[in-house]
Amino acid sequence: MIRLVVLMYVRFPLSRRNVEDLLFELGVDVSHETIRFWWNRFGPMFASEVRRRRVSYMRGFRHWRWHLDEVFVKINGETHYLWRAVDHEGENLESYVTKTRDKAAALSFMKKALKRHGSPEAITTDGLRSYGAAMKELGNAERQEIGRHANNRAENSHLPFRRLERAMLRFRQMKTLQKFASVHANVHNHFNHERHLVD
């Protein structure tokens with residue numbers, strides 16, 4: 001029951017009170033505060049299970065391509081940046097929140113993604129110079145590809161998150177945004193049927 005509640009809340013654009021109403025319709029009486037507690041306590045645990053399975057599948061995959069992009073997110077009226085790495089099949093690999101959109105932020109994001117997922121064959125980005133500077137420092141600048149519509153895969157990966165952001169009435173803390181973005185990315189992968197390695 002807890003897993004179902006957490007997956008409903010993270011996967012679909014529902015508020016905690018919406019989930020509470022849906023469960024009440026099924027005869028389960030759970031308050032929205034309990035749903036908040038379950039999501040905080042068990043959401044990262046469920047997400048890490050999904051991530052471990054996915055990472056073990058893709059390590060060493062020969063023709064792996066990544067798409068990197070960043071999106072603006074407001075927290076208490078202040079602009080933050082949600083960086084996202086997506087592979088060629090639409091899998092969300094990494095989500096990372098920063099206050100800036102400079103070389104240092106791009107570098108820390110890419111180091112985190114490369115450490116966890118290994119190295120791809122090519123990395124597609126938009127024209128932001130921070131990516132080029134970070135990749136030059138990492139020594140893989142020759143793998144970068146920039147094209148007008150080449151990065152649509154990463155642009156489209158922001159849409160489910162934007163729908164959830166509106167349902168949740170935005171975020172109030174940077175760490176809450178980071179936690180939710182990471183859990184949402186992995187739960188979203190769980191429902192992604194494009195993966196050719198699904199057993």
# chains A, B, ... in the order shown; residues from 1 in each chain; ligands from 1
call {"tool": "residues_around", "arguments": {"residues": "Lys112 in chain A", "least_positions_apart": "5", "cutoff": "12 Å", "atoms": "only C-alpha atoms", "output": "ChimeraX atom specification"}}
result
/A:83-85,93-97,105-107,117-119
call {"tool": "residues_around", "arguments": {"residues": "Asp29 in chain A", "least_positions_apart": "5", "cutoff": "8 Å", "atoms": "only C-alpha atoms", "output": "list in words"}}
result
Glu20, Leu23 and Phe24 of chain A
call {"tool": "write_last_selection", "arguments": {"atoms": "N, CA and C atoms", "output": "PDB file, in the first residue's frame"}}
result
ATOM      1  N   GLU A  20      -5.126  11.392  -1.378  1.00  0.00           N
ATOM      2  CA  GLU A  20      -5.973  11.073  -0.230  1.00  0.00           C
ATOM      3  C   GLU A  20      -7.405  10.772  -0.682  1.00  0.00           C
ATOM      4  N   LEU A  23      -7.602   7.361  -2.589  1.00  0.00           N
ATOM      5  CA  LEU A  23      -7.536   6.229  -1.661  1.00  0.00           C
ATOM      6  C   LEU A  23      -8.834   6.075  -0.878  1.00  0.00           C
ATOM      7  N   PHE A  24      -9.446   7.195  -0.511  1.00  0.00           N
ATOM      8  CA  PHE A  24     -10.716   7.140   0.227  1.00  0.00           C
ATOM      9  C   PHE A  24     -11.795   6.492  -0.634  1.00  0.00           C
TER      10      PHE A  24
END
call {"tool": "residues_around", "arguments": {"residues": "Phe171 in chain A", "least_positions_apart": "4", "cutoff": "9 Å", "atoms": "only C-alpha atoms", "output": "ChimeraX atom specification"}}
result
/A:73-76,165,176-177
call {"tool": "residues_around", "arguments": {"residues": "Trp64 in chain A", "least_positions_apart": "4", "cutoff": "12 Å", "atoms": "only C-alpha atoms", "output": "PDB file with N, CA, C and O atoms, in the first residue's frame"}}
result
ATOM      1  N   TYR A  57      22.021  -2.478 -15.918  1.00  0.00           N
ATOM      2  CA  TYR A  57      21.698  -2.831 -17.302  1.00  0.00           C
ATOM      3  C   TYR A  57      22.574  -2.074 -18.295  1.00  0.00           C
ATOM      4  O   TYR A  57      23.058  -2.629 -19.272  1.00  0.00           O
ATOM      5  N   MET A  58      22.759  -0.769 -18.055  1.00  0.00           N
ATOM      6  CA  MET A  58      23.328   0.079 -19.085  1.00  0.00           C
ATOM      7  C   MET A  58      24.835   0.256 -19.035  1.00  0.00           C
ATOM      8  O   MET A  58      25.414   0.756 -19.993  1.00  0.00           O
ATOM      9  N   ARG A  59      25.500  -0.122 -17.966  1.00  0.00           N
ATOM     10  CA  ARG A  59      26.957   0.041 -17.917  1.00  0.00           C
ATOM     11  C   ARG A  59      27.623  -0.768 -19.034  1.00  0.00           C
ATOM     12  O   ARG A  59      27.370  -1.944 -19.179  1.00  0.00           O
ATOM     13  N   GLY A  60      28.455  -0.098 -19.811  1.00  0.00           N
ATOM     14  CA  GLY A  60      29.153  -0.780 -20.889  1.00  0.00           C
ATOM     15  C   GLY A  60      28.369  -0.860 -22.184  1.00  0.00           C
ATOM     16  O   GLY A  60      28.832  -1.462 -23.149  1.00  0.00           O
ATOM     17  N   VAL A  86      19.627  12.798 -19.876  1.00  0.00           N
ATOM     18  CA  VAL A  86      18.693  11.805 -20.402  1.00  0.00           C
ATOM     19  C   VAL A  86      19.416  11.006 -21.476  1.00  0.00           C
ATOM     20  O   VAL A  86      20.206  11.568 -22.236  1.00  0.00           O
ATOM     21  N   ASP A  87      19.162   9.707 -21.550  1.00  0.00           N
ATOM     22  CA  ASP A  87      19.822   8.938 -22.617  1.00  0.00           C
ATOM     23  C   ASP A  87      18.950   8.893 -23.867  1.00  0.00           C
ATOM     24  O   ASP A  87      17.856   9.463 -23.904  1.00  0.00           O
ATOM     25  N   HIS A  88      19.427   8.222 -24.924  1.00  0.00           N
ATOM     26  CA  HIS A  88      18.751   8.245 -26.219  1.00  0.00           C
ATOM     27  C   HIS A  88      17.407   7.533 -26.216  1.00  0.00           C
ATOM     28  O   HIS A  88      16.639   7.654 -27.166  1.00  0.00           O
ATOM     29  N   GLU A  89      17.091   6.785 -25.158  1.00  0.00           N
ATOM     30  CA  GLU A  89      15.801   6.109 -25.067  1.00  0.00           C
ATOM     31  C   GLU A  89      14.840   6.824 -24.122  1.00  0.00           C
ATOM     32  O   GLU A  89      13.774   6.311 -23.817  1.00  0.00           O
ATOM     33  N   GLY A  90      15.230   7.977 -23.623  1.00  0.00           N
ATOM     34  CA  GLY A  90      14.350   8.739 -22.751  1.00  0.00           C
ATOM     35  C   GLY A  90      14.493   8.448 -21.277  1.00  0.00           C
ATOM     36  O   GLY A  90      13.708   8.938 -20.468  1.00  0.00           O
ATOM     37  N   GLU A  91      15.493   7.646 -20.889  1.00  0.00           N
ATOM     38  CA  GLU A  91      15.721   7.353 -19.483  1.00  0.00           C
ATOM     39  C   GLU A  91      16.337   8.565 -18.792  1.00  0.00           C
ATOM     40  O   GLU A  91      17.333   9.115 -19.271  1.00  0.00           O
ATOM     41  N   LEU A  93      18.717   9.944 -16.402  1.00  0.00           N
ATOM     42  CA  LEU A  93      19.918   9.416 -15.751  1.00  0.00           C
ATOM     43  C   LEU A  93      20.251  10.162 -14.468  1.00  0.00           C
ATOM     44  O   LEU A  93      20.570   9.548 -13.450  1.00  0.00           O
ATOM     45  N   HIS A 117      27.115   6.607 -13.877  1.00  0.00           N
ATOM     46  CA  HIS A 117      26.626   5.868 -15.047  1.00  0.00           C
ATOM     47  C   HIS A 117      27.704   5.478 -16.042  1.00  0.00           C
ATOM     48  O   HIS A 117      27.410   4.823 -17.032  1.00  0.00           O
ATOM     49  N   GLY A 118      28.928   5.881 -15.834  1.00  0.00           N
ATOM     50  CA  GLY A 118      29.960   5.545 -16.812  1.00  0.00           C
ATOM     51  C   GLY A 118      29.996   6.579 -17.928  1.00  0.00           C
ATOM     52  O   GLY A 118      29.348   7.615 -17.860  1.00  0.00           O
ATOM     53  N   SER A 119      30.737   6.289 -18.977  1.00  0.00           N
ATOM     54  CA  SER A 119      30.966   7.256 -20.045  1.00  0.00           C
ATOM     55  C   SER A 119      30.154   6.907 -21.297  1.00  0.00           C
ATOM     56  O   SER A 119      30.192   5.767 -21.750  1.00  0.00           O
ATOM     57  N   PRO A 120      29.441   7.873 -21.887  1.00  0.00           N
ATOM     58  CA  PRO A 120      28.672   7.605 -23.116  1.00  0.00           C
ATOM     59  C   PRO A 120      29.524   7.772 -24.368  1.00  0.00           C
ATOM     60  O   PRO A 120      30.636   8.303 -24.318  1.00  0.00           O
ATOM     61  N   GLU A 121      28.967   7.367 -25.493  1.00  0.00           N
ATOM     62  CA  GLU A 121      29.659   7.523 -26.771  1.00  0.00           C
ATOM     63  C   GLU A 121      29.618   8.974 -27.239  1.00  0.00           C
ATOM     64  O   GLU A 121      30.573   9.479 -27.813  1.00  0.00           O
ATOM     65  N   ALA A 122      28.485   9.656 -27.009  1.00  0.00           N
ATOM     66  CA  ALA A 122      28.323  11.050 -27.416  1.00  0.00           C
ATOM     67  C   ALA A 122      27.415  11.766 -26.417  1.00  0.00           C
ATOM     68  O   ALA A 122      26.553  11.140 -25.797  1.00  0.00           O
ATOM     69  N   ILE A 123      27.626  13.082 -26.274  1.00  0.00           N
ATOM     70  CA  ILE A 123      26.819  13.895 -25.374  1.00  0.00           C
ATOM     71  C   ILE A 123      26.270  15.080 -26.167  1.00  0.00           C
ATOM     72  O   ILE A 123      27.033  15.898 -26.682  1.00  0.00           O
ATOM     73  N   THR A 124      24.946  15.143 -26.288  1.00  0.00           N
ATOM     74  CA  THR A 124      24.290  16.219 -27.022  1.00  0.00           C
ATOM     75  C   THR A 124      23.851  17.300 -26.042  1.00  0.00           C
ATOM     76  O   THR A 124      23.228  17.000 -25.022  1.00  0.00           O
ATOM     77  N   ARG A 143      33.451  14.569 -27.722  1.00  0.00           N
ATOM     78  CA  ARG A 143      32.185  13.816 -27.718  1.00  0.00           C
ATOM     79  C   ARG A 143      30.958  14.717 -27.740  1.00  0.00           C
ATOM     80  O   ARG A 143      29.849  14.243 -27.892  1.00  0.00           O
TER      81      ARG A 143
END
call {"tool": "select_by_dssp", "arguments": {"residues": "chain A", "states": "helix (DSSP H, G or I)", "output": "JSON, numbers by chain"}}
result
{"A": [2, 3, 4, 5, 6, 7, 8, 9, 10, 11, 16, 17, 18, 19, 20, 21, 22, 23, 24, 25, 32, 33, 34, 35, 36, 37, 38, 39, 40, 41, 42, 43, 44, 45, 46, 47, 48, 49, 50, 51, 52, 53, 54, 55, 56, 57, 58, 103, 104, 105, 106, 107, 108, 109, 110, 111, 112, 113, 114, 115, 116, 117, 129, 130, 131, 132, 133, 134, 135, 136, 137, 138, 141, 142, 143, 152, 153, 154, 155, 156, 157, 158, 159, 160, 161, 162, 163, 164, 165, 166, 167, 174, 175, 176, 177, 178, 179, 180, 181, 182, 183, 184, 185, 186, 187, 188, 189, 190]}
call {"tool": "atom_distance", "arguments": {"atom1": "CA of Asn189 in chain A", "atom2": "CA of Arg53 in chain A"}}
result
10.8 Å
call {"tool": "closest_atom_pairs", "arguments": {"of": "range 80-180 of chain A", "to": "range 7-13 of chain A", "cutoff": "10 Å", "atoms": "only C-alpha atoms", "output": "tab-separated table"}}
result
residue	atom	partner	partner_atom	distance
A:Pro160	CA	A:Pro13	CA	8.0
A:Phe161	CA	A:Pro13	CA	8.6
A:Arg162	CA	A:Pro13	CA	9.1
A:Arg163	CA	A:Pro13	CA	5.9
A:Leu164	CA	A:Pro13	CA	4.5
A:Glu165	CA	A:Pro13	CA	8.0
A:Arg166	CA	A:Pro13	CA	8.0
A:Ala167	CA	A:Pro13	CA	5.6
A:Met168	CA	A:Pro13	CA	8.0
A:Phe180	CA	A:Val10	CA	8.1
call {"tool": "write_last_selection", "arguments": {"atoms": "C-alpha atoms", "output": "PDB file, in the first residue's frame"}}
result
ATOM      1  CA  PRO A 160       6.332  15.562 -16.792  1.00  0.00           C
ATOM      2  CA  PHE A 161       8.279  17.394 -14.087  1.00  0.00           C
ATOM      3  CA  ARG A 162       6.630  20.713 -15.007  1.00  0.00           C
ATOM      4  CA  ARG A 163       3.156  19.141 -14.708  1.00  0.00           C
ATOM      5  CA  LEU A 164       3.999  17.823 -11.245  1.00  0.00           C
ATOM      6  CA  GLU A 165       5.502  21.149 -10.210  1.00  0.00           C
ATOM      7  CA  ARG A 166       2.204  22.893 -10.989  1.00  0.00           C
ATOM      8  CA  ALA A 167       0.198  20.248  -9.077  1.00  0.00           C
ATOM      9  CA  MET A 168       2.465  20.638  -6.042  1.00  0.00           C
ATOM     10  CA  PHE A 180      11.801  15.216  -5.483  1.00  0.00           C
TER      11      PHE A 180
END
call {"tool": "closest_residue", "arguments": {"among": "A:Gly27, A:Ala150, A:Lys179, A:Leu68", "to": "Pro44 in chain A", "atoms": "only C-alpha atoms"}}
result
A:Lys179
call {"tool": "closest_residue", "arguments": {"among": "A:Leu4, A:Ala141, A:Leu128, A:Val71", "to": "Leu22 in chain A", "atoms": "only C-alpha atoms"}}
result
A:Leu4
call {"tool": "select_by_dssp", "arguments": {"residues": "range 19-123 of chain A", "states": "strand (DSSP E or B)", "output": "MDAnalysis selection string"}}
result
chainID A and resid 65:75 78:87 92:98 122:123
call {"tool": "write_last_selection", "arguments": {"atoms": "N, CA, C and O atoms", "output": "compact mmCIF listing (two decimals), in the first residue's frame"}}
result
# COMPACT_ATOMS: atom_id res chain seq x y z
N ARG A 65 24.04 7.28 -25.94
CA ARG A 65 24.10 8.72 -26.19
C ARG A 65 23.35 9.44 -25.07
O ARG A 65 22.28 9.02 -24.67
N TRP A 66 23.93 10.52 -24.60
CA TRP A 66 23.29 11.33 -23.56
C TRP A 66 22.83 12.66 -24.14
O TRP A 66 23.41 13.18 -25.09
N HIS A 67 21.78 13.20 -23.53
CA HIS A 67 21.28 14.54 -23.85
C HIS A 67 21.24 15.32 -22.54
O HIS A 67 20.62 14.86 -21.58
N LEU A 68 21.89 16.47 -22.50
CA LEU A 68 21.93 17.29 -21.29
C LEU A 68 21.18 18.60 -21.51
O LEU A 68 21.27 19.20 -22.58
N ASP A 69 20.45 19.01 -20.47
CA ASP A 69 19.74 20.28 -20.55
C ASP A 69 19.47 20.79 -19.14
O ASP A 69 19.52 20.02 -18.18
N GLU A 70 19.16 22.08 -19.05
CA GLU A 70 18.84 22.68 -17.75
C GLU A 70 17.55 23.47 -17.90
O GLU A 70 17.23 23.96 -18.98
N VAL A 71 16.82 23.57 -16.79
CA VAL A 71 15.55 24.29 -16.81
C VAL A 71 15.47 25.19 -15.58
O VAL A 71 16.05 24.88 -14.54
N PHE A 72 14.81 26.33 -15.73
CA PHE A 72 14.66 27.29 -14.63
C PHE A 72 13.55 26.82 -13.69
O PHE A 72 12.49 26.41 -14.13
N VAL A 73 13.82 26.89 -12.39
CA VAL A 73 12.81 26.55 -11.37
C VAL A 73 12.83 27.65 -10.32
O VAL A 73 13.90 28.04 -9.84
N LYS A 74 11.66 28.15 -9.96
CA LYS A 74 11.56 29.19 -8.94
C LYS A 74 11.36 28.57 -7.56
O LYS A 74 10.50 27.70 -7.38
N ILE A 75 12.16 29.00 -6.59
CA ILE A 75 12.01 28.60 -5.20
C ILE A 75 11.90 29.87 -4.37
O ILE A 75 12.86 30.62 -4.27
N GLU A 78 13.08 32.95 -6.10
CA GLU A 78 14.49 32.97 -6.52
C GLU A 78 14.73 31.90 -7.57
O GLU A 78 14.27 30.77 -7.42
N THR A 79 15.44 32.26 -8.63
CA THR A 79 15.66 31.32 -9.74
C THR A 79 16.76 30.32 -9.40
O THR A 79 17.85 30.69 -8.97
N HIS A 80 16.45 29.04 -9.59
CA HIS A 80 17.42 27.95 -9.49
C HIS A 80 17.40 27.19 -10.80
O HIS A 80 16.54 27.42 -11.65
N TYR A 81 18.35 26.27 -10.96
CA TYR A 81 18.47 25.54 -12.22
C TYR A 81 18.46 24.05 -11.95
O TYR A 81 19.20 23.56 -11.10
N LEU A 82 17.58 23.35 -12.66
CA LEU A 82 17.51 21.89 -12.58
C LEU A 82 18.17 21.32 -13.82
O LEU A 82 17.68 21.47 -14.93
N TRP A 83 19.34 20.71 -13.63
CA TRP A 83 20.10 20.09 -14.73
C TRP A 83 19.61 18.65 -14.86
O TRP A 83 19.36 17.97 -13.87
N ARG A 84 19.51 18.19 -16.10
CA ARG A 84 19.02 16.83 -16.32
C ARG A 84 19.81 16.15 -17.43
O ARG A 84 20.09 16.74 -18.46
N ALA A 85 20.18 14.89 -17.17
CA ALA A 85 20.82 14.06 -18.19
C ALA A 85 19.85 12.94 -18.57
O ALA A 85 19.31 12.27 -17.70
N VAL A 86 19.63 12.80 -19.88
CA VAL A 86 18.69 11.80 -20.40
C VAL A 86 19.42 11.01 -21.48
O VAL A 86 20.21 11.57 -22.24
N ASP A 87 19.16 9.71 -21.55
CA ASP A 87 19.82 8.94 -22.62
C ASP A 87 18.95 8.89 -23.87
O ASP A 87 17.86 9.46 -23.90
N ASN A 92 15.77 8.98 -17.67
CA ASN A 92 16.36 10.06 -16.87
C ASN A 92 17.53 9.49 -16.09
O ASN A 92 17.35 8.63 -15.22
N LEU A 93 18.72 9.94 -16.40
CA LEU A 93 19.92 9.42 -15.75
C LEU A 93 20.25 10.16 -14.47
O LEU A 93 20.57 9.55 -13.45
N GLU A 94 20.21 11.48 -14.53
CA GLU A 94 20.63 12.27 -13.37
C GLU A 94 19.87 13.59 -13.33
O GLU A 94 19.59 14.19 -14.36
N SER A 95 19.53 14.02 -12.12
CA SER A 95 18.91 15.33 -11.90
C SER A 95 19.73 16.04 -10.83
O SER A 95 20.08 15.44 -9.82
N TYR A 96 20.01 17.32 -11.07
CA TYR A 96 20.90 18.05 -10.16
C TYR A 96 20.46 19.50 -10.08
O TYR A 96 20.25 20.15 -11.11
N VAL A 97 20.31 20.03 -8.87
CA VAL A 97 19.82 21.40 -8.67
C VAL A 97 20.98 22.30 -8.23
O VAL A 97 21.75 21.94 -7.33
N THR A 98 21.11 23.47 -8.88
CA THR A 98 22.13 24.45 -8.50
C THR A 98 21.53 25.85 -8.48
O THR A 98 20.45 26.07 -9.03
N ALA A 122 28.49 9.66 -27.01
CA ALA A 122 28.32 11.05 -27.42
C ALA A 122 27.41 11.77 -26.42
O ALA A 122 26.55 11.14 -25.80
N ILE A 123 27.63 13.08 -26.27
CA ILE A 123 26.82 13.89 -25.37
C ILE A 123 26.27 15.08 -26.17
O ILE A 123 27.03 15.90 -26.68
call {"tool": "closest_residue", "arguments": {"among": "A:Ala104, A:Leu26, A:Val5, A:Leu159", "to": "Gly132 in chain A", "atoms": "only C-alpha atoms"}}
result
A:Ala104
call {"tool": "atom_distance", "arguments": {"atom1": "CA of Asn18 in chain A", "atom2": "CA of Ala185 in chain A"}}
result
21.0 Å
call {"tool": "closest_residue", "arguments": {"among": "A:Ala133, A:Thr125, A:Val183, A:Met174", "to": "Asn151 in chain A", "atoms": "only C-alpha atoms"}}
result
A:Thr125
call {"tool": "atom_distance", "arguments": {"atom1": "CA of Phe191 in chain A", "atom2": "CA of Val50 in chain A"}}
result
10.4 Å
call {"tool": "closest_residue", "arguments": {"among": "A:Glu33, A:Asp21, A:Glu155, A:Glu49", "to": "His190 in chain A", "atoms": "only C-alpha atoms"}}
result
A:Glu49
